[in-house]
Amino acid sequence: MSHVPHILVTGGAGFIGSHTVDVLMNRGYAVSVLDNLSTGYMTNLERWEKHPRFHFVNADITGELTSAFARIVAHSGRIERIAHFAAQTAVPVSMDDPVGDIQANLCGTARILEYARHNKVTKVFFASSSAIYDDDAPVPVSEESRARPMSPYGIDKLAVEFYLDYYAKLYGLTYTALRFMNVYGPRQDPKSWYSGVISIFLDRAVTGQPITIFDDGEQTRDFVYVTDVAEAVADTLMSRSGDNAIINIGTGVEVTINQLTRTILDLAGSASTLRYEPPRPGDIRRSVTTMEKAVELLNFHPRVALRDGLHATLAWVRQDKTRSAARSGSAA
Ligand code: UD1
């Protein structure tokens with residue numbers, strides 16, 4: 001039998017992590033997920049739970065990881081590549097609790113890198129963010145745009161990028177860091193006040209609740225669909241493309257929040273009312289990426305246009321609501 005590469009996905013029960021698990025499993029790899037289920041859900045992985053190539057370990061990257069790694073290796077063999085998503089993912093939470101953010105996003109990542117170094121892991125993928133850029137950087141932002149994070153979250157993401165470079169130089173670690181723009185799609189949780197705008201607006205549109213637009217709605221974002229992101233992660237993780245590079249991942253398409261809202265209301269056939277409120281503190285006005293480096297190094301061409309991605313996400317939101325209602329009905 002031919003050798004099946006074994007990949008560890010930290011944070012694999014979360015939004016982008018679980019889609020990456022889907023891509024890696026569909027490509028025939030052996031996949032282990034390490035997740036503490038703090039913001040991830042087992043339901044995101046339910047299709048794989050009983051699959052012989054899949055293994056789940058409940059562990060926290062801020063804690064002691066030796067036994068978790070030992071269990072993973074005992075079950076599925078040597079870890080060859082790591083996709084590292086496990087993190088505290090909310091910018092506002094990082095502002096309220098910078099120490100907690102450092103513990104998860106910096107110290108937790110350092111543990112993963114130390115494991116990779118000592119165990120000769122072939123390649124590490126790191127989920128970075130456009131939050132590392134200066135708010136005043138002219139758009140579109142390129143990888144050369146000025147880095148000046150305005151949150152502990154962004155500072156920790158940028159610090160990890162420096163660590164990756166340091167590990168590459170000193171220990172020969174191979175990595176790719178992708179700086180994500182605004183990722184959206186099925187499994188994005190709309191429940192908290194810092195959730196992504198698309199998950200919140202779809203939820204409101206489907207339930208007919210009012211939609212709150214901060215500022216005048218003419219601020220822009222670059223929305224990239226989660227399966228395009230997951231494919232890019234799997235491509236770079238499993239090949240030499242993007243080796244030791246840091247690359248923006250978006251679509252290069254700049255969309256206003258007003259345009260986004262109109263499309264969502266139209267697709268959902270929703271009569272939700274709109275409320276305009278003052279700008280959210282710290283919000284940037286315009287955000288969109290250049291595509292040159294992603295195209296050149298990864299041959300990255302996002303396949304899902306915004307309207308199609310919104311359509312698919314809307315279908316998921318409706319299905320998820322039906323499932324939740326059925327679950328609470330059967331629990332009652
Ligand atoms: C997003 C990421 C953040 C990342 C940053 C980098 C999410 C949830 N956050 O922040 O992790 O660091 O990109 O660029 O993906 N809005 C409304 N009404 C709402 C909610 C939001 O009008 O109810 C507006 C906001 O004011 C903002 C836009 O929608 O202008 C996008 O907001 P959001 O989805 O929270 O993402 P970012 O702030 O861009």
# chains A, B, ... in the order shown; residues from 1 in each chain; ligands from 1
call {"tool": "closest_atom_pairs", "arguments": {"of": "chain A", "to": "ligand 1", "cutoff": "7 Å", "atoms": "only C-alpha atoms and all ligand atoms", "output": "tab-separated table"}}
result
residue	atom	partner	partner_atom_place_in_ligand_line	distance
A:Thr89	CA	ligand 1	11 (O)	6.4
A:Ala90	CA	ligand 1	11 (O)	5.8
A:Val91	CA	ligand 1	11 (O)	5.6
A:Ser129	CA	ligand 1	12 (O)	5.7
A:Ser130	CA	ligand 1	6 (C)	4.4
A:Ala131	CA	ligand 1	12 (O)	3.9
A:Gly154	CA	ligand 1	12 (O)	6.7
A:Met181	CA	ligand 1	14 (O)	5.5
A:Asn182	CA	ligand 1	15 (O)	4.9
A:Val183	CA	ligand 1	15 (O)	6.0
A:Tyr194	CA	ligand 1	35 (O)	5.8
A:Ser195	CA	ligand 1	8 (C)	4.6
A:Gly196	CA	ligand 1	8 (C)	3.3
A:Val197	CA	ligand 1	34 (O)	3.6
A:Ile198	CA	ligand 1	34 (O)	6.5
A:Ile200	CA	ligand 1	23 (O)	6.1
A:Phe201	CA	ligand 1	23 (O)	6.7
A:Ile211	CA	ligand 1	23 (O)	6.8
A:Thr212	CA	ligand 1	18 (N)	5.0
A:Ile213	CA	ligand 1	22 (O)	3.5
A:Phe214	CA	ligand 1	22 (O)	4.0
A:Asp215	CA	ligand 1	26 (O)	6.8
A:Gly217	CA	ligand 1	22 (O)	6.4
A:Gln219	CA	ligand 1	30 (O)	5.6
A:Thr220	CA	ligand 1	30 (O)	6.7
A:Arg221	CA	ligand 1	39 (O)	6.3
A:Ile257	CA	ligand 1	29 (O)	6.0
A:Pro279	CA	ligand 1	26 (O)	6.4
A:Arg280	CA	ligand 1	26 (O)	5.5
A:Asp283	CA	ligand 1	38 (O)	5.8
A:Ile284	CA	ligand 1	30 (O)	6.7
A:Arg285	CA	ligand 1	30 (O)	6.8
A:Ser287	CA	ligand 1	14 (O)	6.7
call {"tool": "closest_atom_pairs", "arguments": {"of": "segment 120-209 of chain A", "to": "segment 299-321 of chain A", "cutoff": "10 Å", "atoms": "only C-alpha atoms", "output": "Markdown table"}}
result
| residue | atom | partner | partner_atom | distance |
| --- | --- | --- | --- | --- |
| A:Tyr184 | CA | A:Thr313 | CA | 8.2 |
| A:Gly185 | CA | A:Thr313 | CA | 5.2 |
| A:Pro186 | CA | A:Thr313 | CA | 4.9 |
| A:Arg187 | CA | A:Trp316 | CA | 7.8 |
| A:Gln188 | CA | A:Thr313 | CA | 9.1 |
| A:Asp189 | CA | A:Val317 | CA | 9.7 |
| A:Pro190 | CA | A:Val317 | CA | 9.5 |
| A:Ile198 | CA | A:Leu310 | CA | 8.2 |
| A:Ser199 | CA | A:Thr313 | CA | 8.4 |
| A:Leu202 | CA | A:Leu314 | CA | 6.4 |
| A:Asp203 | CA | A:Val317 | CA | 6.9 |
| A:Ala205 | CA | A:Leu314 | CA | 9.4 |
| A:Val206 | CA | A:Arg318 | CA | 7.3 |
| A:Thr207 | CA | A:Arg318 | CA | 9.5 |
call {"tool": "residues_around", "arguments": {"residues": "segment 229-233 of chain A", "least_positions_apart": "6", "cutoff": "10 Å", "atoms": "only C-alpha atoms", "output": "list in words"}}
result
Ile16, Gly17, Ser18, His19, Thr20, Val21, Asp22, Val23, Leu24, Ala83, Phe125, Phe126, Ala127, Thr176, Ala177, Leu178, Phe180, Met181, Val183, Tyr184, Ile249, Gly250, Ala294, Leu298, Asn299, Phe300, His301 and Pro302 of chain A
call {"tool": "write_last_selection", "arguments": {"atoms": "C-alpha atoms", "output": "PDB file, in the first residue's frame"}}
result
ATOM      1  CA  ILE A  16     -11.781  27.643   8.543  1.00  0.00           C
ATOM      2  CA  GLY A  17     -10.028  24.679  10.191  1.00  0.00           C
ATOM      3  CA  SER A  18     -12.947  22.291   9.643  1.00  0.00           C
ATOM      4  CA  HIS A  19     -13.218  23.231   5.960  1.00  0.00           C
ATOM      5  CA  THR A  20      -9.495  22.529   5.640  1.00  0.00           C
ATOM      6  CA  VAL A  21     -10.074  19.123   7.269  1.00  0.00           C
ATOM      7  CA  ASP A  22     -12.753  18.441   4.631  1.00  0.00           C
ATOM      8  CA  VAL A  23     -10.338  19.252   1.795  1.00  0.00           C
ATOM      9  CA  LEU A  24      -7.495  17.164   3.274  1.00  0.00           C
ATOM     10  CA  ALA A  83      -1.949  23.337   9.652  1.00  0.00           C
ATOM     11  CA  PHE A 125       0.984  26.353   7.715  1.00  0.00           C
ATOM     12  CA  PHE A 126       0.069  29.390   9.817  1.00  0.00           C
ATOM     13  CA  ALA A 127      -3.246  31.287   9.679  1.00  0.00           C
ATOM     14  CA  THR A 176       3.740  29.264   4.726  1.00  0.00           C
ATOM     15  CA  ALA A 177       1.739  32.025   6.416  1.00  0.00           C
ATOM     16  CA  LEU A 178      -1.433  33.218   4.719  1.00  0.00           C
ATOM     17  CA  PHE A 180      -6.598  36.164   5.401  1.00  0.00           C
ATOM     18  CA  MET A 181      -8.888  39.003   4.412  1.00  0.00           C
ATOM     19  CA  VAL A 183     -13.363  34.980   5.253  1.00  0.00           C
ATOM     20  CA  TYR A 184     -17.056  33.946   5.195  1.00  0.00           C
ATOM     21  CA  ILE A 249      -5.481  35.660   0.614  1.00  0.00           C
ATOM     22  CA  GLY A 250      -8.559  37.523  -0.600  1.00  0.00           C
ATOM     23  CA  ALA A 294      -1.042  34.711  -4.319  1.00  0.00           C
ATOM     24  CA  LEU A 298       0.170  29.693  -5.213  1.00  0.00           C
ATOM     25  CA  ASN A 299      -1.620  30.052  -8.542  1.00  0.00           C
ATOM     26  CA  PHE A 300      -4.533  31.168  -6.353  1.00  0.00           C
ATOM     27  CA  HIS A 301      -7.681  32.062  -8.247  1.00  0.00           C
ATOM     28  CA  PRO A 302     -10.765  32.155  -6.012  1.00  0.00           C
TER      29      PRO A 302
END
call {"tool": "select_by_dssp", "arguments": {"residues": "segment 188-267 of chain A", "states": "strand (DSSP E)", "output": "VMD selection string"}}
result
chain A and resid 211 to 214 220 to 221 223 to 225 245 to 249 255 to 256
call {"tool": "select_by_dssp", "arguments": {"residues": "segment 119-252 of chain A", "states": "alpha helix (DSSP H)", "output": "PyMOL selection string"}}
result
chain A and resi 152-171+197-207+226-237
call {"tool": "atom_distance", "arguments": {"atom1": "atom CA of Val121 of chain A", "atom2": "atom CA of Leu34 of chain A"}}
result
15.9 Å
call {"tool": "atom_distance", "arguments": {"atom1": "atom CA of Ala234 of chain A", "atom2": "atom CA of Asp101 of chain A"}}
result
26.2 Å
call {"tool": "closest_residue", "arguments": {"among": "A:Ala30, A:Val139, A:Val93, A:Leu106", "to": "Phe162 of chain A", "atoms": "only C-alpha atoms"}}
result
A:Leu106
call {"tool": "atom_distance", "arguments": {"atom1": "atom CA of Arg71 of chain A", "atom2": "atom CA of Thr236 of chain A"}}
result
26.4 Å
call {"tool": "residues_around", "arguments": {"residues": "Gly252 of chain A", "least_positions_apart": "2", "cutoff": "9 Å", "atoms": "only C-alpha atoms", "output": "ChimeraX atom specification"}}
result
/A:140,222-223,249-250,254,288-291
call {"tool": "closest_atom_pairs", "arguments": {"of": "segment 70-117 of chain A", "to": "segment 40-58 of chain A", "cutoff": "8 Å", "atoms": "only C-alpha atoms", "output": "JSON lines"}}
result
{"residue": "A:Arg71", "atom": "CA", "partner": "A:Val57", "partner_atom": "CA", "distance": 7.8}
{"residue": "A:Ile72", "atom": "CA", "partner": "A:Val57", "partner_atom": "CA", "distance": 7.2}
{"residue": "A:His75", "atom": "CA", "partner": "A:His55", "partner_atom": "CA", "distance": 7.6}
{"residue": "A:Ser76", "atom": "CA", "partner": "A:His55", "partner_atom": "CA", "distance": 7.7}
call {"tool": "residues_around", "arguments": {"residues": "Arg81 of chain A", "least_positions_apart": "3", "cutoff": "8 Å", "atoms": "only C-alpha atoms", "output": "number ranges by chain"}}
result
A: 6-8, 121-124, 237-238
call {"tool": "write_last_selection", "arguments": {"atoms": "N, CA, C and O atoms", "output": "PDB file, in the first residue's frame"}}
result
ATOM      1  N   HIS A   6       0.343  12.003   6.954  1.00  0.00           N
ATOM      2  CA  HIS A   6      -0.452  12.291   8.153  1.00  0.00           C
ATOM      3  C   HIS A   6      -0.314  13.775   8.516  1.00  0.00           C
ATOM      4  O   HIS A   6       0.784  14.263   8.783  1.00  0.00           O
ATOM      5  N   ILE A   7      -1.459  14.456   8.550  1.00  0.00           N
ATOM      6  CA  ILE A   7      -1.488  15.901   8.786  1.00  0.00           C
ATOM      7  C   ILE A   7      -2.175  16.182  10.118  1.00  0.00           C
ATOM      8  O   ILE A   7      -3.224  15.610  10.407  1.00  0.00           O
ATOM      9  N   LEU A   8      -1.609  17.115  10.899  1.00  0.00           N
ATOM     10  CA  LEU A   8      -2.295  17.603  12.095  1.00  0.00           C
ATOM     11  C   LEU A   8      -2.923  18.960  11.788  1.00  0.00           C
ATOM     12  O   LEU A   8      -2.247  19.854  11.279  1.00  0.00           O
ATOM     13  N   VAL A 121       8.999  18.049  11.484  1.00  0.00           N
ATOM     14  CA  VAL A 121       7.770  18.204  10.686  1.00  0.00           C
ATOM     15  C   VAL A 121       8.150  18.861   9.352  1.00  0.00           C
ATOM     16  O   VAL A 121       8.924  19.816   9.317  1.00  0.00           O
ATOM     17  N   THR A 122       7.615  18.325   8.245  1.00  0.00           N
ATOM     18  CA  THR A 122       8.044  18.756   6.910  1.00  0.00           C
ATOM     19  C   THR A 122       7.623  20.191   6.599  1.00  0.00           C
ATOM     20  O   THR A 122       8.382  20.950   6.005  1.00  0.00           O
ATOM     21  N   LYS A 123       6.409  20.562   6.990  1.00  0.00           N
ATOM     22  CA  LYS A 123       5.945  21.925   6.704  1.00  0.00           C
ATOM     23  C   LYS A 123       4.867  22.346   7.698  1.00  0.00           C
ATOM     24  O   LYS A 123       4.052  21.520   8.115  1.00  0.00           O
ATOM     25  N   VAL A 124       4.871  23.634   8.045  1.00  0.00           N
ATOM     26  CA  VAL A 124       3.854  24.197   8.935  1.00  0.00           C
ATOM     27  C   VAL A 124       3.123  25.307   8.184  1.00  0.00           C
ATOM     28  O   VAL A 124       3.758  26.189   7.592  1.00  0.00           O
ATOM     29  N   LEU A 237       0.142  23.664   1.943  1.00  0.00           N
ATOM     30  CA  LEU A 237       0.642  22.754   2.981  1.00  0.00           C
ATOM     31  C   LEU A 237       1.244  21.483   2.387  1.00  0.00           C
ATOM     32  O   LEU A 237       2.244  20.973   2.868  1.00  0.00           O
ATOM     33  N   MET A 238       0.630  20.984   1.308  1.00  0.00           N
ATOM     34  CA  MET A 238       1.019  19.684   0.770  1.00  0.00           C
ATOM     35  C   MET A 238       2.040  19.777  -0.368  1.00  0.00           C
ATOM     36  O   MET A 238       2.407  18.766  -0.945  1.00  0.00           O
TER      37      MET A 238
END
call {"tool": "decode", "arguments": {"residues": "segment 74-89 of chain A", "atoms": "N, CA, C and O atoms", "output": "PDB file, in the first residue's frame"}}
result
ATOM      1  N   ALA A  74       0.589   7.874  18.479  1.00  0.00           N
ATOM      2  CA  ALA A  74       0.281   6.453  18.745  1.00  0.00           C
ATOM      3  C   ALA A  74      -0.843   5.978  17.839  1.00  0.00           C
ATOM      4  O   ALA A  74      -0.849   4.850  17.349  1.00  0.00           O
ATOM      5  N   HIS A  75      -1.799   6.855  17.587  1.00  0.00           N
ATOM      6  CA  HIS A  75      -2.962   6.461  16.777  1.00  0.00           C
ATOM      7  C   HIS A  75      -2.663   6.460  15.283  1.00  0.00           C
ATOM      8  O   HIS A  75      -3.018   5.524  14.569  1.00  0.00           O
ATOM      9  N   SER A  76      -1.985   7.513  14.801  1.00  0.00           N
ATOM     10  CA  SER A  76      -1.896   7.699  13.336  1.00  0.00           C
ATOM     11  C   SER A  76      -0.471   7.802  12.795  1.00  0.00           C
ATOM     12  O   SER A  76      -0.290   8.040  11.602  1.00  0.00           O
ATOM     13  N   GLY A  77       0.510   7.670  13.684  1.00  0.00           N
ATOM     14  CA  GLY A  77       1.902   7.716  13.219  1.00  0.00           C
ATOM     15  C   GLY A  77       2.475   9.121  13.224  1.00  0.00           C
ATOM     16  O   GLY A  77       1.825  10.075  13.674  1.00  0.00           O
ATOM     17  N   ARG A  78       3.684   9.231  12.725  1.00  0.00           N
ATOM     18  CA  ARG A  78       4.417  10.502  12.749  1.00  0.00           C
ATOM     19  C   ARG A  78       3.608  11.635  12.101  1.00  0.00           C
ATOM     20  O   ARG A  78       2.973  11.423  11.064  1.00  0.00           O
ATOM     21  N   ILE A  79       3.657  12.809  12.739  1.00  0.00           N
ATOM     22  CA  ILE A  79       2.996  13.977  12.145  1.00  0.00           C
ATOM     23  C   ILE A  79       3.929  14.569  11.098  1.00  0.00           C
ATOM     24  O   ILE A  79       5.040  14.997  11.422  1.00  0.00           O
ATOM     25  N   GLU A  80       3.484  14.590   9.842  1.00  0.00           N
ATOM     26  CA  GLU A  80       4.368  15.066   8.776  1.00  0.00           C
ATOM     27  C   GLU A  80       4.201  16.546   8.490  1.00  0.00           C
ATOM     28  O   GLU A  80       5.149  17.242   8.168  1.00  0.00           O
ATOM     29  N   ARG A  81       2.969  17.027   8.568  1.00  0.00           N
ATOM     30  CA  ARG A  81       2.708  18.441   8.286  1.00  0.00           C
ATOM     31  C   ARG A  81       1.665  18.954   9.270  1.00  0.00           C
ATOM     32  O   ARG A  81       0.821  18.181   9.725  1.00  0.00           O
ATOM     33  N   ILE A  82       1.742  20.249   9.571  1.00  0.00           N
ATOM     34  CA  ILE A  82       0.791  20.833  10.526  1.00  0.00           C
ATOM     35  C   ILE A  82       0.134  22.068   9.919  1.00  0.00           C
ATOM     36  O   ILE A  82       0.828  22.969   9.436  1.00  0.00           O
ATOM     37  N   ALA A  83      -1.209  22.110   9.954  1.00  0.00           N
ATOM     38  CA  ALA A  83      -1.949  23.337   9.652  1.00  0.00           C
ATOM     39  C   ALA A  83      -2.393  23.905  10.994  1.00  0.00           C
ATOM     40  O   ALA A  83      -3.173  23.274  11.719  1.00  0.00           O
ATOM     41  N   HIS A  84      -1.881  25.079  11.338  1.00  0.00           N
ATOM     42  CA  HIS A  84      -2.119  25.621  12.675  1.00  0.00           C
ATOM     43  C   HIS A  84      -3.150  26.760  12.653  1.00  0.00           C
ATOM     44  O   HIS A  84      -2.842  27.887  12.275  1.00  0.00           O
ATOM     45  N   PHE A  85      -4.371  26.404  13.087  1.00  0.00           N
ATOM     46  CA  PHE A  85      -5.461  27.375  13.169  1.00  0.00           C
ATOM     47  C   PHE A  85      -5.824  27.704  14.614  1.00  0.00           C
ATOM     48  O   PHE A  85      -6.474  28.720  14.855  1.00  0.00           O
ATOM     49  N   ALA A  86      -5.518  26.799  15.548  1.00  0.00           N
ATOM     50  CA  ALA A  86      -5.997  26.982  16.926  1.00  0.00           C
ATOM     51  C   ALA A  86      -5.557  28.344  17.446  1.00  0.00           C
ATOM     52  O   ALA A  86      -4.372  28.671  17.430  1.00  0.00           O
ATOM     53  N   ALA A  87      -6.512  29.126  17.886  1.00  0.00           N
ATOM     54  CA  ALA A  87      -6.199  30.497  18.309  1.00  0.00           C
ATOM     55  C   ALA A  87      -7.399  31.114  19.002  1.00  0.00           C
ATOM     56  O   ALA A  87      -8.526  30.633  18.878  1.00  0.00           O
ATOM     57  N   GLN A  88      -7.131  32.194  19.701  1.00  0.00           N
ATOM     58  CA  GLN A  88      -8.172  33.114  20.139  1.00  0.00           C
ATOM     59  C   GLN A  88      -8.412  33.998  18.908  1.00  0.00           C
ATOM     60  O   GLN A  88      -7.501  34.693  18.459  1.00  0.00           O
ATOM     61  N   THR A  89      -9.640  33.963  18.347  1.00  0.00           N
ATOM     62  CA  THR A  89      -9.822  34.520  17.005  1.00  0.00           C
ATOM     63  C   THR A  89     -10.490  35.896  16.961  1.00  0.00           C
ATOM     64  O   THR A  89     -10.649  36.455  15.881  1.00  0.00           O
TER      65      THR A  89
END
